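Visitor: Input: one structure, supplied below.
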Amino acid sequence: MNETPLGESLPFTMLLGEVSVLAQLDRTVLLVGERGTGKELIAERLHYLSPRWERPLIKVNCAALGESLLDSELFGHEAGAFTGAVKRRPGRFERADGGTLFLDEIAAASLAVQEKLLRVIEYGEYERLGASETLHADIRLVAATNVDLPAMAAAGKFRADLLDRLAFAVVTVPPLRARQEDILVLARHFGLAMSTVMKRPYFAGFTKAAEKALLAYAWPGNVRELKNVVERAVAAADPDKPVSDIRFDPFASPWRPGADQSAPPTQPIAEPSGPYNFMAHMAETEKRLLIEALEHNQHQQKRTAAFLGLEYHQLRNLMRKYGLIGSRRDEGRSRPNPTAIKPASN
């Protein structure tokens with residue numbers, strides 16, 4: 001197994017328990033989950049805990065191949081089957097004989113390829129492209145998707161009969177936002193691994209503010225995004241100090257192509273020629289930075305506080321100071337801002 005799934009949260013440990021049971025059943029499994037949740041790792045676990053663990057585990061990303069190429073990759077072809085086919089080539093089903101075939105992003109497979117997959121699952125038979133000989137497949141099929149296959153089937157974009165065959169066991173991999181207890185466990189693991197790659201003698205960990213920022217972020221890209229964020233932060237950090245700067249969006253820049261260029265360039269501050277209201281200038285700057293931080297974090301106050309390295313109550317006090325929220329008494333009567341972006345609830 002290339003990597004061992006890490007986590008200690010209840011949703012994650014329940015997932016591992018479900019996978020351990022299913023691994024012993026020689027039936028098709030469909031893995032469902034958002035991008036970056038680790039569906040491939042779960043497929044590996046299903047294989048290596050199964051009686052087929054000594055046989056091949058073959059992986060195919062259906063979205064990376066066009067219809068004809070995917071057909072050839074899965075089922076193989078004979079010499080002369082199409083232009084450029086100069087010799088016979090075994091497909092992934094043949095290579096996976098006795099083992100497991102993992103089809104990632106199966107929703108991207110064409111209806112024609114889906115029909116052939118249905119026949120393999122039902123009868124264990126298929127033919128190479130350009131051949132009439134029937135071959136037999138002894139494989140355990142595991143498929144994965146990050147889209148709503150039942151909705152696609154209802155719309156006629158995915159074969160309903162194939163979905164029925166795939167859905168003997170449907171395993172839903174939880175998103176990282178549902179695994180709060182695992183965020184820092186994974187972050188430290190990725191930080192240590194990156195430090196090892198960079199040949200550093202040790203990994204100093206994260207500052208408290210950095211940990212709060214990691215916990216407050218919504219992680220739309222899940223574990224894959226967390227890995228990228230941590231590796232980027234470790235690479236840029238002082239090797240002798242805990243990581244303090246967490247950059248979630250690597251594209252964030254005032255000079256990003258396509259960014260709003262209508263704002264005039266910043267003018268240098270002129271030397272004061274007379275009485276200068278320093279406190280008013282600082283208050284104006286503080287308010288501007290606070291508003292920018294709120295907008296950058298979609299007006300999610302806990303995330304903004306972590307982003308600024310503040311306690312939640314400190315952020316609230318600053319927002320009251322600059323009139324961004326009402327008084328304590330008014331807050332209880334005020335309605336939520338309908339334009340504020342709320343964090344996803346699932």
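FYI, nothing fancy with the structure tokens labels: chains A, B, ... in order, residues from 1 per chain, ligands from 1 as they appear.
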Counting only C-alpha atoms, give me one row per residue of region 40-115 of chain A with an atom at most 8 Å from an atom of region 150-167 of chain A, showing the shortest contact pair and its distance in Å to one decimal, sorted by chain then residue number, as a tab-separated table.
Guide:
```
residue	atom	partner	partner_atom	distance
A:Ala107	CA	A:Phe158	CA	7.1
A:Leu111	CA	A:Phe158	CA	6.7
A:Gln114	CA	A:Arg159	CA	6.9
A:Glu115	CA	A:Leu162	CA	7.6
```
Visitor: What are the DSSP strand (DSSP E or B) residues of region 59-203 of chain A, as a PDB file with N, CA and C atoms, in the first residue's frame?
Guide:
```pdb
ATOM      1  N   LYS A  59      -5.149   0.566 -12.003  1.00  0.00           N
ATOM      2  CA  LYS A  59      -5.950   1.789 -11.885  1.00  0.00           C
ATOM      3  C   LYS A  59      -6.121   2.451 -13.252  1.00  0.00           C
ATOM      4  N   VAL A  60      -7.309   2.991 -13.488  1.00  0.00           N
ATOM      5  CA  VAL A  60      -7.604   3.710 -14.721  1.00  0.00           C
ATOM      6  C   VAL A  60      -8.382   4.972 -14.368  1.00  0.00           C
ATOM      7  N   ASN A  61      -7.922   6.121 -14.864  1.00  0.00           N
ATOM      8  CA  ASN A  61      -8.669   7.367 -14.720  1.00  0.00           C
ATOM      9  C   ASN A  61      -9.487   7.565 -15.982  1.00  0.00           C
ATOM     10  N   HIS A  77      -6.659  -4.496 -27.636  1.00  0.00           N
ATOM     11  CA  HIS A  77      -6.966  -4.497 -29.070  1.00  0.00           C
ATOM     12  C   HIS A  77      -6.056  -5.467 -29.809  1.00  0.00           C
ATOM     13  N   ARG A  89      -2.423  -5.780 -28.075  1.00  0.00           N
ATOM     14  CA  ARG A  89      -2.124  -5.190 -26.763  1.00  0.00           C
ATOM     15  C   ARG A  89      -3.163  -5.637 -25.750  1.00  0.00           C
ATOM     16  N   THR A 100      -7.667  -6.604  -8.669  1.00  0.00           N
ATOM     17  CA  THR A 100      -8.673  -5.544  -8.570  1.00  0.00           C
ATOM     18  C   THR A 100      -8.452  -4.514  -9.663  1.00  0.00           C
ATOM     19  N   LEU A 101      -9.532  -4.072 -10.292  1.00  0.00           N
ATOM     20  CA  LEU A 101      -9.483  -2.991 -11.266  1.00  0.00           C
ATOM     21  C   LEU A 101     -10.204  -1.780 -10.687  1.00  0.00           C
ATOM     22  N   PHE A 102      -9.481  -0.662 -10.552  1.00  0.00           N
ATOM     23  CA  PHE A 102     -10.058   0.555  -9.989  1.00  0.00           C
ATOM     24  C   PHE A 102     -10.327   1.547 -11.113  1.00  0.00           C
ATOM     25  N   LEU A 103     -11.599   1.886 -11.315  1.00  0.00           N
ATOM     26  CA  LEU A 103     -12.012   2.846 -12.335  1.00  0.00           C
ATOM     27  C   LEU A 103     -12.363   4.164 -11.660  1.00  0.00           C
ATOM     28  N   ASP A 104     -11.449   5.118 -11.736  1.00  0.00           N
ATOM     29  CA  ASP A 104     -11.682   6.433 -11.134  1.00  0.00           C
ATOM     30  C   ASP A 104     -12.454   7.310 -12.110  1.00  0.00           C
ATOM     31  N   GLU A 125     -17.426 -11.450 -19.187  1.00  0.00           N
ATOM     32  CA  GLU A 125     -16.916 -11.675 -20.533  1.00  0.00           C
ATOM     33  C   GLU A 125     -16.716 -10.358 -21.277  1.00  0.00           C
ATOM     34  N   TYR A 126     -15.747 -10.361 -22.196  1.00  0.00           N
ATOM     35  CA  TYR A 126     -15.487  -9.199 -23.050  1.00  0.00           C
ATOM     36  C   TYR A 126     -14.626  -9.639 -24.229  1.00  0.00           C
ATOM     37  N   LEU A 129     -10.737  -5.108 -28.869  1.00  0.00           N
ATOM     38  CA  LEU A 129     -11.129  -4.413 -30.088  1.00  0.00           C
ATOM     39  C   LEU A 129     -10.541  -5.139 -31.293  1.00  0.00           C
ATOM     40  N   LEU A 135     -13.091 -13.317 -24.049  1.00  0.00           N
ATOM     41  CA  LEU A 135     -12.179 -13.480 -22.929  1.00  0.00           C
ATOM     42  C   LEU A 135     -12.978 -13.425 -21.620  1.00  0.00           C
ATOM     43  N   HIS A 136     -12.434 -14.033 -20.593  1.00  0.00           N
ATOM     44  CA  HIS A 136     -13.116 -14.070 -19.299  1.00  0.00           C
ATOM     45  C   HIS A 136     -12.326 -13.231 -18.285  1.00  0.00           C
ATOM     46  N   ARG A 140     -12.012  -8.006  -9.368  1.00  0.00           N
ATOM     47  CA  ARG A 140     -12.927  -7.312  -8.448  1.00  0.00           C
ATOM     48  C   ARG A 140     -12.924  -5.845  -8.872  1.00  0.00           C
ATOM     49  N   LEU A 141     -14.099  -5.322  -9.228  1.00  0.00           N
ATOM     50  CA  LEU A 141     -14.206  -3.962  -9.744  1.00  0.00           C
ATOM     51  C   LEU A 141     -14.539  -2.987  -8.627  1.00  0.00           C
ATOM     52  N   VAL A 142     -13.731  -1.913  -8.523  1.00  0.00           N
ATOM     53  CA  VAL A 142     -13.996  -0.802  -7.611  1.00  0.00           C
ATOM     54  C   VAL A 142     -14.048   0.462  -8.462  1.00  0.00           C
ATOM     55  N   ALA A 143     -15.126   1.216  -8.359  1.00  0.00           N
ATOM     56  CA  ALA A 143     -15.287   2.443  -9.136  1.00  0.00           C
ATOM     57  C   ALA A 143     -15.414   3.630  -8.187  1.00  0.00           C
ATOM     58  N   ALA A 144     -15.139   4.819  -8.721  1.00  0.00           N
ATOM     59  CA  ALA A 144     -15.216   6.033  -7.892  1.00  0.00           C
ATOM     60  C   ALA A 144     -15.782   7.182  -8.703  1.00  0.00           C
ATOM     61  N   THR A 145     -16.469   8.084  -8.020  1.00  0.00           N
ATOM     62  CA  THR A 145     -17.021   9.264  -8.669  1.00  0.00           C
ATOM     63  C   THR A 145     -17.142  10.401  -7.671  1.00  0.00           C
ATOM     64  N   ALA A 169     -22.465  -2.060  -3.099  1.00  0.00           N
ATOM     65  CA  ALA A 169     -22.020  -1.369  -1.880  1.00  0.00           C
ATOM     66  C   ALA A 169     -21.556   0.023  -2.275  1.00  0.00           C
ATOM     67  N   VAL A 170     -22.194   1.028  -1.723  1.00  0.00           N
ATOM     68  CA  VAL A 170     -21.821   2.424  -1.982  1.00  0.00           C
ATOM     69  C   VAL A 170     -21.181   2.973  -0.712  1.00  0.00           C
ATOM     70  N   VAL A 171     -19.928   3.378  -0.827  1.00  0.00           N
ATOM     71  CA  VAL A 171     -19.181   3.925   0.314  1.00  0.00           C
ATOM     72  C   VAL A 171     -18.980   5.411   0.077  1.00  0.00           C
ATOM     73  N   THR A 172     -19.494   6.232   0.968  1.00  0.00           N
ATOM     74  CA  THR A 172     -19.339   7.679   0.842  1.00  0.00           C
ATOM     75  C   THR A 172     -18.174   8.137   1.716  1.00  0.00           C
TER      76      THR A 172
END
```
Visitor: Name the residues of region 43-171 of chain A that come out as alpha helix (DSSP H) in a backbone DSSP run; write them as a PyMOL selection string.
Guide: chain A and resi 43-48+67-75+92-95+111-123+149-154+160-166
Visitor: Give me a file of those residues, with N, CA and C atoms, as a compact mmCIF listing (two decimals), in the first residue's frame.
Guide:
```txt
# COMPACT_ATOMS: atom_id res chain seq x y z
N ALA A 43 -9.69 2.76 -2.20
CA ALA A 43 -9.67 1.65 -3.15
C ALA A 43 -8.48 0.74 -2.90
N GLU A 44 -7.33 1.33 -2.60
CA GLU A 44 -6.14 0.53 -2.28
C GLU A 44 -6.38 -0.31 -1.03
N ARG A 45 -7.02 0.29 -0.05
CA ARG A 45 -7.28 -0.45 1.20
C ARG A 45 -8.24 -1.62 0.94
N LEU A 46 -9.25 -1.40 0.10
CA LEU A 46 -10.17 -2.48 -0.25
C LEU A 46 -9.42 -3.65 -0.89
N HIS A 47 -8.44 -3.31 -1.73
CA HIS A 47 -7.69 -4.37 -2.40
C HIS A 47 -6.75 -5.09 -1.44
N TYR A 48 -5.94 -4.34 -0.70
CA TYR A 48 -4.90 -4.98 0.11
C TYR A 48 -5.42 -5.68 1.36
N GLU A 67 -13.08 8.32 -25.62
CA GLU A 67 -13.89 7.09 -25.69
C GLU A 67 -13.13 5.94 -26.32
N SER A 68 -12.54 6.14 -27.51
CA SER A 68 -11.87 5.04 -28.20
C SER A 68 -10.63 4.58 -27.45
N LEU A 69 -9.90 5.54 -26.89
CA LEU A 69 -8.69 5.17 -26.15
C LEU A 69 -9.03 4.45 -24.86
N LEU A 70 -10.09 4.88 -24.18
CA LEU A 70 -10.52 4.20 -22.95
C LEU A 70 -10.97 2.78 -23.26
N ASP A 71 -11.72 2.61 -24.36
CA ASP A 71 -12.15 1.28 -24.78
C ASP A 71 -10.94 0.38 -24.99
N SER A 72 -9.93 0.88 -25.69
CA SER A 72 -8.72 0.10 -25.95
C SER A 72 -7.95 -0.19 -24.68
N GLU A 73 -7.85 0.82 -23.78
CA GLU A 73 -7.11 0.63 -22.53
C GLU A 73 -7.76 -0.42 -21.64
N LEU A 74 -9.08 -0.42 -21.61
CA LEU A 74 -9.78 -1.36 -20.73
C LEU A 74 -9.79 -2.78 -21.29
N PHE A 75 -10.10 -2.90 -22.59
CA PHE A 75 -10.36 -4.23 -23.15
C PHE A 75 -9.25 -4.73 -24.07
N ARG A 92 -6.54 -3.46 -19.62
CA ARG A 92 -6.40 -3.42 -18.16
C ARG A 92 -7.15 -4.59 -17.50
N PHE A 93 -8.23 -5.06 -18.12
CA PHE A 93 -8.92 -6.22 -17.55
C PHE A 93 -8.01 -7.44 -17.54
N GLU A 94 -7.27 -7.64 -18.63
CA GLU A 94 -6.34 -8.77 -18.67
C GLU A 94 -5.21 -8.59 -17.67
N ARG A 95 -4.69 -7.38 -17.55
CA ARG A 95 -3.58 -7.13 -16.64
C ARG A 95 -4.01 -7.28 -15.18
N LEU A 111 -21.32 6.19 -22.94
CA LEU A 111 -22.39 5.20 -22.82
C LEU A 111 -21.99 3.89 -23.48
N ALA A 112 -21.21 3.96 -24.57
CA ALA A 112 -20.77 2.74 -25.25
C ALA A 112 -19.83 1.93 -24.36
N VAL A 113 -18.90 2.61 -23.70
CA VAL A 113 -17.99 1.92 -22.79
C VAL A 113 -18.76 1.39 -21.58
N GLN A 114 -19.73 2.16 -21.11
CA GLN A 114 -20.55 1.70 -19.99
C GLN A 114 -21.28 0.40 -20.32
N GLU A 115 -21.74 0.27 -21.57
CA GLU A 115 -22.43 -0.95 -21.97
C GLU A 115 -21.50 -2.16 -21.90
N LYS A 116 -20.25 -1.98 -22.32
CA LYS A 116 -19.28 -3.08 -22.24
C LYS A 116 -18.96 -3.42 -20.79
N LEU A 117 -18.85 -2.38 -19.94
CA LEU A 117 -18.60 -2.62 -18.52
C LEU A 117 -19.74 -3.42 -17.89
N LEU A 118 -20.95 -3.08 -18.30
CA LEU A 118 -22.12 -3.80 -17.77
C LEU A 118 -22.03 -5.29 -18.10
N ARG A 119 -21.61 -5.61 -19.33
CA ARG A 119 -21.52 -7.01 -19.73
C ARG A 119 -20.44 -7.74 -18.93
N VAL A 120 -19.32 -7.06 -18.68
CA VAL A 120 -18.26 -7.69 -17.90
C VAL A 120 -18.75 -7.99 -16.49
N ILE A 121 -19.45 -7.02 -15.88
CA ILE A 121 -19.92 -7.23 -14.50
C ILE A 121 -20.96 -8.35 -14.45
N GLU A 122 -21.85 -8.40 -15.46
CA GLU A 122 -22.92 -9.39 -15.44
C GLU A 122 -22.44 -10.79 -15.78
N TYR A 123 -21.58 -10.88 -16.83
CA TYR A 123 -21.22 -12.20 -17.34
C TYR A 123 -19.73 -12.52 -17.21
N LEU A 149 -24.28 10.31 -9.47
CA LEU A 149 -24.60 9.33 -10.51
C LEU A 149 -26.11 9.05 -10.63
N PRO A 150 -26.86 8.93 -9.51
CA PRO A 150 -28.31 8.73 -9.68
C PRO A 150 -28.97 9.86 -10.48
N ALA A 151 -28.53 11.10 -10.27
CA ALA A 151 -29.09 12.21 -11.04
C ALA A 151 -28.70 12.10 -12.51
N MET A 152 -27.46 11.68 -12.79
CA MET A 152 -27.03 11.49 -14.17
C MET A 152 -27.83 10.37 -14.83
N ALA A 153 -28.09 9.29 -14.08
CA ALA A 153 -28.88 8.19 -14.63
C ALA A 153 -30.30 8.64 -14.94
N ALA A 154 -30.88 9.45 -14.05
CA ALA A 154 -32.24 9.96 -14.27
C ALA A 154 -32.30 10.86 -15.49
N ALA A 160 -28.58 3.42 -16.16
CA ALA A 160 -29.19 3.06 -14.88
C ALA A 160 -28.90 1.61 -14.52
N ASP A 161 -28.85 0.71 -15.52
CA ASP A 161 -28.59 -0.69 -15.21
C ASP A 161 -27.15 -0.90 -14.75
N LEU A 162 -26.21 -0.10 -15.30
CA LEU A 162 -24.83 -0.19 -14.82
C LEU A 162 -24.74 0.34 -13.39
N LEU A 163 -25.45 1.44 -13.12
CA LEU A 163 -25.44 1.99 -11.76
C LEU A 163 -25.98 0.97 -10.76
N ASP A 164 -27.01 0.24 -11.16
CA ASP A 164 -27.55 -0.81 -10.28
C ASP A 164 -26.49 -1.85 -9.94
N ARG A 165 -25.68 -2.23 -10.93
CA ARG A 165 -24.64 -3.24 -10.71
C ARG A 165 -23.50 -2.69 -9.85
N LEU A 166 -23.19 -1.43 -10.05
CA LEU A 166 -22.09 -0.82 -9.29
C LEU A 166 -22.48 -0.61 -7.83
```
Visitor: Could you tell me how far CA of Val223 (chain A) lies from CA of Leu176 (chain A), in Å and to one decimal?
Guide: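 Between CA of Val223 (chain A) and CA of Leu176 (chain A) the gap works out to 6.3 Å.
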Visitor: With distances taken over only C-alpha atoms, which residue among A:Ser9, A:Gln300, A:Asn222, A:Ser244 lies nearest Ala204 (chain A)?
Guide: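 Looking at the shortest contact to Ala204 (chain A), the residue is A:Ser244.
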Visitor: Do you know which residues are at most 8 Å from Leu184 (chain A) counting only C-alpha atoms, after dropping those on the same chain fewer than 2 positions away, and could you put them as a PyMOL selection string?
Guide: chain A and resi 181-182+186-188+211+214-215
Visitor: Those same residues - N, CA and C atoms - I'd like them written as a PDB file, in the first residue's frame.
Guide:
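Result written to selection-v4.pdb:
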```pdb
ATOM      1  N   GLU A 181     -11.241  16.745  13.693  1.00  0.00           N
ATOM      2  CA  GLU A 181     -10.168  16.196  14.529  1.00  0.00           C
ATOM      3  C   GLU A 181      -8.977  15.709  13.704  1.00  0.00           C
ATOM      4  N   ASP A 182      -9.181  15.519  12.407  1.00  0.00           N
ATOM      5  CA  ASP A 182      -8.114  14.966  11.559  1.00  0.00           C
ATOM      6  C   ASP A 182      -7.263  16.039  10.878  1.00  0.00           C
ATOM      7  N   LEU A 186      -3.349  15.362  10.003  1.00  0.00           N
ATOM      8  CA  LEU A 186      -2.884  15.283   8.625  1.00  0.00           C
ATOM      9  C   LEU A 186      -1.873  16.380   8.312  1.00  0.00           C
ATOM     10  N   ALA A 187      -2.123  17.586   8.832  1.00  0.00           N
ATOM     11  CA  ALA A 187      -1.209  18.700   8.563  1.00  0.00           C
ATOM     12  C   ALA A 187       0.190  18.408   9.101  1.00  0.00           C
ATOM     13  N   ARG A 188       0.266  17.870  10.312  1.00  0.00           N
ATOM     14  CA  ARG A 188       1.580  17.536  10.883  1.00  0.00           C
ATOM     15  C   ARG A 188       2.246  16.412  10.097  1.00  0.00           C
ATOM     16  N   GLU A 211      -2.353  27.042  13.352  1.00  0.00           N
ATOM     17  CA  GLU A 211      -3.259  25.921  13.600  1.00  0.00           C
ATOM     18  C   GLU A 211      -4.717  26.390  13.586  1.00  0.00           C
ATOM     19  N   LEU A 214      -5.764  26.830  10.010  1.00  0.00           N
ATOM     20  CA  LEU A 214      -6.006  25.542   9.356  1.00  0.00           C
ATOM     21  C   LEU A 214      -7.362  24.967   9.764  1.00  0.00           C
ATOM     22  N   LEU A 215      -7.708  25.104  11.038  1.00  0.00           N
ATOM     23  CA  LEU A 215      -8.970  24.555  11.536  1.00  0.00           C
ATOM     24  C   LEU A 215     -10.173  25.372  11.066  1.00  0.00           C
TER      25      LEU A 215
END
```
Visitor: So how many Å separate CA of Ile106 (chain A) and CA of Glu127 (chain A), to one decimal?
Guide: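 Those two atoms sit 20.0 Å apart.
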Visitor: Which residues are close to region 228-238 of chain A, i.e. within 8 Å by only C-alpha atoms, leaving aside same-chain residues fewer than 3 positions away? Reply as a list in words.
Guide: Ala187, Phe190, Gly191, Met194, Ser195, Met198, Arg224, Glu225, Lys241, Pro242, Val243, Ser244, Asp245, Ile246, Arg247 and Phe248 of chain A
Visitor: Keeping only N, CA and C atoms, take the residues you just selected and write them out as an mmCIF file, in the first residue's frame.
Guide:
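That gives us result-v7.cif:
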```cif
data_model
loop_
_atom_site.group_PDB
_atom_site.id
_atom_site.type_symbol
_atom_site.label_atom_id
_atom_site.label_comp_id
_atom_site.auth_asym_id
_atom_site.auth_seq_id
_atom_site.Cartn_x
_atom_site.Cartn_y
_atom_site.Cartn_z
ATOM 1 N N ALA A 187 -2.123 17.586 8.832
ATOM 2 C CA ALA A 187 -1.209 18.700 8.563
ATOM 3 C C ALA A 187 0.190 18.408 9.101
ATOM 4 N N PHE A 190 1.850 15.755 6.842
ATOM 5 C CA PHE A 190 2.346 16.319 5.588
ATOM 6 C C PHE A 190 3.535 17.251 5.831
ATOM 7 N N GLY A 191 3.497 17.986 6.958
ATOM 8 C CA GLY A 191 4.616 18.871 7.282
ATOM 9 C C GLY A 191 5.895 18.096 7.537
ATOM 10 N N MET A 194 7.199 16.691 4.216
ATOM 11 C CA MET A 194 7.838 17.717 3.387
ATOM 12 C C MET A 194 9.206 18.086 3.944
ATOM 13 N N SER A 195 9.329 18.164 5.257
ATOM 14 C CA SER A 195 10.623 18.456 5.876
ATOM 15 C C SER A 195 11.640 17.364 5.550
ATOM 16 N N MET A 198 12.857 17.781 2.055
ATOM 17 C CA MET A 198 13.796 18.902 1.962
ATOM 18 C C MET A 198 15.062 18.673 2.792
ATOM 19 N N ARG A 224 -6.385 16.629 -0.411
ATOM 20 C CA ARG A 224 -5.397 16.994 -1.431
ATOM 21 C C ARG A 224 -5.011 18.469 -1.300
ATOM 22 N N GLU A 225 -6.002 19.332 -1.051
ATOM 23 C CA GLU A 225 -5.711 20.755 -0.887
ATOM 24 C C GLU A 225 -4.904 20.992 0.385
ATOM 25 N N LYS A 241 11.988 27.360 12.809
ATOM 26 C CA LYS A 241 10.857 27.941 13.535
ATOM 27 C C LYS A 241 9.556 27.272 13.110
ATOM 28 N N PRO A 242 8.550 27.289 13.984
ATOM 29 C CA PRO A 242 7.247 26.745 13.590
ATOM 30 C C PRO A 242 6.667 27.523 12.414
ATOM 31 N N VAL A 243 5.919 26.838 11.573
ATOM 32 C CA VAL A 243 5.279 27.478 10.423
ATOM 33 C C VAL A 243 4.230 28.462 10.920
ATOM 34 N N SER A 244 4.327 29.691 10.468
ATOM 35 C CA SER A 244 3.383 30.723 10.919
ATOM 36 C C SER A 244 2.538 31.285 9.786
ATOM 37 N N ASP A 245 3.030 31.217 8.561
ATOM 38 C CA ASP A 245 2.338 31.828 7.421
ATOM 39 C C ASP A 245 1.662 30.737 6.608
ATOM 40 N N ILE A 246 0.326 30.737 6.589
ATOM 41 C CA ILE A 246 -0.451 29.766 5.823
ATOM 42 C C ILE A 246 -1.105 30.501 4.660
ATOM 43 N N ARG A 247 -0.736 30.111 3.464
ATOM 44 C CA ARG A 247 -1.280 30.750 2.271
ATOM 45 C C ARG A 247 -2.235 29.780 1.597
ATOM 46 N N PHE A 248 -3.540 30.043 1.723
ATOM 47 C CA PHE A 248 -4.534 29.123 1.191
ATOM 48 C C PHE A 248 -4.687 29.256 -0.319
#
```
Visitor: Can you work out the spacing between CA of Gln298 (chain A) and CA of Ser253 (chain A) in Å, to one decimal?
Guide: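 That distance, rounded to one decimal, is 16.7 Å.
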Visitor: Pick from A:Ala193, A:Ile42, A:Ala213, A:Met282: nearest to Leu308 (chain A), with only C-alpha atoms counted?
Guide: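 Among A:Ala193, A:Ile42, A:Ala213, A:Met282, it is A:Ala213 that comes nearest to Leu308 (chain A).
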Visitor: Which residue, A:Pro201, A:Gly323, A:Pro5, A:Gly66, has the smallest gap to Ala109 (chain A) when you use only C-alpha atoms?
Guide: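 Closest residue, counting only C-alpha atoms: A:Gly66.
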Visitor: Write out as a PDB file with C-alpha atoms, in the first residue's frame each polymer residue whose atoms come within 12 Å of Glu286 (chain A), counting only C-alpha atoms; drop sequence neighbours fewer than 2 positions from it.
Guide:
```pdb
ATOM      1  CA  MET A 279      -4.312  58.356  14.906  1.00  0.00           C
ATOM      2  CA  ALA A 280      -7.006  59.045  12.277  1.00  0.00           C
ATOM      3  CA  HIS A 281      -4.737  57.731   9.540  1.00  0.00           C
ATOM      4  CA  MET A 282      -3.994  54.548  11.503  1.00  0.00           C
ATOM      5  CA  ALA A 283      -7.693  53.997  12.216  1.00  0.00           C
ATOM      6  CA  GLU A 284      -8.520  54.388   8.518  1.00  0.00           C
ATOM      7  CA  ARG A 288      -9.498  49.075   5.402  1.00  0.00           C
ATOM      8  CA  LEU A 289      -7.384  46.026   6.249  1.00  0.00           C
ATOM      9  CA  LEU A 290     -10.208  44.587   8.358  1.00  0.00           C
ATOM     10  CA  ILE A 291     -12.710  44.949   5.505  1.00  0.00           C
ATOM     11  CA  GLU A 292     -10.278  43.356   3.033  1.00  0.00           C
ATOM     12  CA  ALA A 293      -9.709  40.408   5.400  1.00  0.00           C
ATOM     13  CA  LEU A 308      -5.618  37.832  11.167  1.00  0.00           C
ATOM     14  CA  LEU A 315     -12.349  40.600  15.835  1.00  0.00           C
ATOM     15  CA  LEU A 318     -12.904  45.727  16.025  1.00  0.00           C
ATOM     16  CA  MET A 319     -15.987  45.249  13.859  1.00  0.00           C
ATOM     17  CA  LYS A 321     -15.471  49.854  16.641  1.00  0.00           C
ATOM     18  CA  TYR A 322     -15.685  50.574  12.922  1.00  0.00           C
TER      19      TYR A 322
END
```
